Amino acid sequence: MRWIRAAGRGLLVAAVVLTGYVASGTPADGAHGAGRGPLTLATAGDLTGYLGPLLEGWNRTHPGEKVTLVELPDSADETHAQMTTDLRGGGRSRFDVLNIDVAWTSEFAAAGWISPLDRGRFPLHSFLPPVVDTATYDGRLYAVPYVTNAGLLLYREDVLAKEGVAPPRTWAELERQARTIAPKYGLDGYAGQFLPYEGLTVNAAEVVYSAGGTILGDEGERVTVNSEAAREGIGFLADGVRDGWIAKKSLTYKEEESKQAFQDGHLLFLRNWPYAYVGASGKGSAVAGKVGAVPLPGPDGPGTSVLGGSNLAVNTHARHPDSAARLIAYLTTERAQRQVLTKGALPPVRAALYQDPELIREFPYLPTLRASVLAAAPRPKSPRYDQVSLVVQAVVHDAMTGHETPAAAVRRLARELAAIPRR
């Protein structure tokens, strides 16, 4: 999933890491180097260009702790590959601060690449509660939430109004409207991010969670996916493609392609991150002023989104860990978090911003997004998350393309996940 989305772009945008300094000023649990000085921040590509100006504010007021921004590719998979290659270099790493996808926290912590953090140094009590769990591993805090995200169901408000129907709350309602209403207006029914990449892992986890199932338990120690809930969730996607109300072309979609299809007026319904709502409602969109957003549907009512976004983590070999912590504190202030939303179109982690009347007027989806985040769940936690995600993508894509039945896909998923080393 792409950082800036999530993550919008699902996923991330800013990249920075925190430090392992405790309140006394001594390095905590493996932080290295002098306390204060220049930093290098690594992040996925900043598509909206908001991060540079935000960091300029820090650099003006902290001339001895200037931050150099390193933008990696905007693909989450490519960013992950470049970060992990660099981190394996240990003390030769060129990154002090890392902006990591929320799903990577367990992997990076288990590998010893990021330092545990002192909870008391960061305003965790001011964050939306579910986002903090994405920053923990084995009961300890290894990162600080920076951007959050939850999937929403975008829909053509004008079309449903003409039909006199409310947006769907259940899978059955979504299927019925996508099957019967969309063709009347020359539209495809429904799409998500179904290319075999991280976005498909997210979409698959959401349908499994919405049906009441799980994929892994106990920080990846147990495989829990072999369930009726998983068969129901994966069957919902596979049957939708087979029956035609899920557009076959969506099997090639990532976030941006699916957003563009909706924004160009080709879709009735789209699962995506909030950044897609902003784009579809903006200047140049064929559907501007015609877009609504609701929580993702589930079998019997609102479903469960997967949490997207990014966490700020500290490289174990950071040169100046105290400066890293101070930078994190800066980036999670309410003022900086407001800019994350207003300039970057990314969902902040500060809870109070979701109830700010001025922001709600500018971003009317905020109350819906808040409800979705509060009901959301993290992706499966595992020190081998990259392998877990590859398995989920491959198996679910085979089910959606008709190469396996949903029941066979779930059995295969359980076998292949069980074969992944736990540590």
# chains A, B, ... in the order shown; residues from 1 in each chain; ligands from 1
>>> closest_atom_pairs(of="stretch 256-302 of chain A", to="stretch 40-58 of chain A", cutoff="12 Å", atoms="only C-alpha atoms", output="CSV")
residue,atom,partner,partner_atom,distance
A:Glu256,CA,A:Leu47,CA,11.5
A:Tyr275,CA,A:Thr48,CA,10.5
A:Val278,CA,A:Thr48,CA,11.9
A:Gly279,CA,A:Thr48,CA,11.4
>>> select_by_dssp(residues="stretch 159-270 of chain A", states="helix (DSSP H, G or I)", output="PyMOL selection string")
chain A and resi 159-163+171-180+182-185+198-210+228-243+248-252+255-263
>>> atom_distance(atom1="atom CA of A:Pro130", atom2="atom CA of A:Ser305")
11.6 Å
>>> closest_atom_pairs(of="stretch 242-293 of chain A", to="stretch 200-205 of chain A", cutoff="10 Å", atoms="only C-alpha atoms", output="CSV")
residue,atom,partner,partner_atom,distance
A:Leu251,CA,A:Leu200,CA,9.2
A:Tyr253,CA,A:Leu200,CA,9.3
A:Lys254,CA,A:Leu200,CA,8.3
A:Arg271,CA,A:Asn203,CA,8.5
A:Asn272,CA,A:Asn203,CA,9.4
>>> closest_residue(among="A:Pro378, A:Pro383, A:Pro167, A:Gly402", to="A:Glu206", atoms="only C-alpha atoms")
A:Pro378
>>> closest_residue(among="A:Leu346, A:Ala329, A:Ser75, A:Pro321", to="A:Glu198", atoms="only C-alpha atoms")
A:Ser75
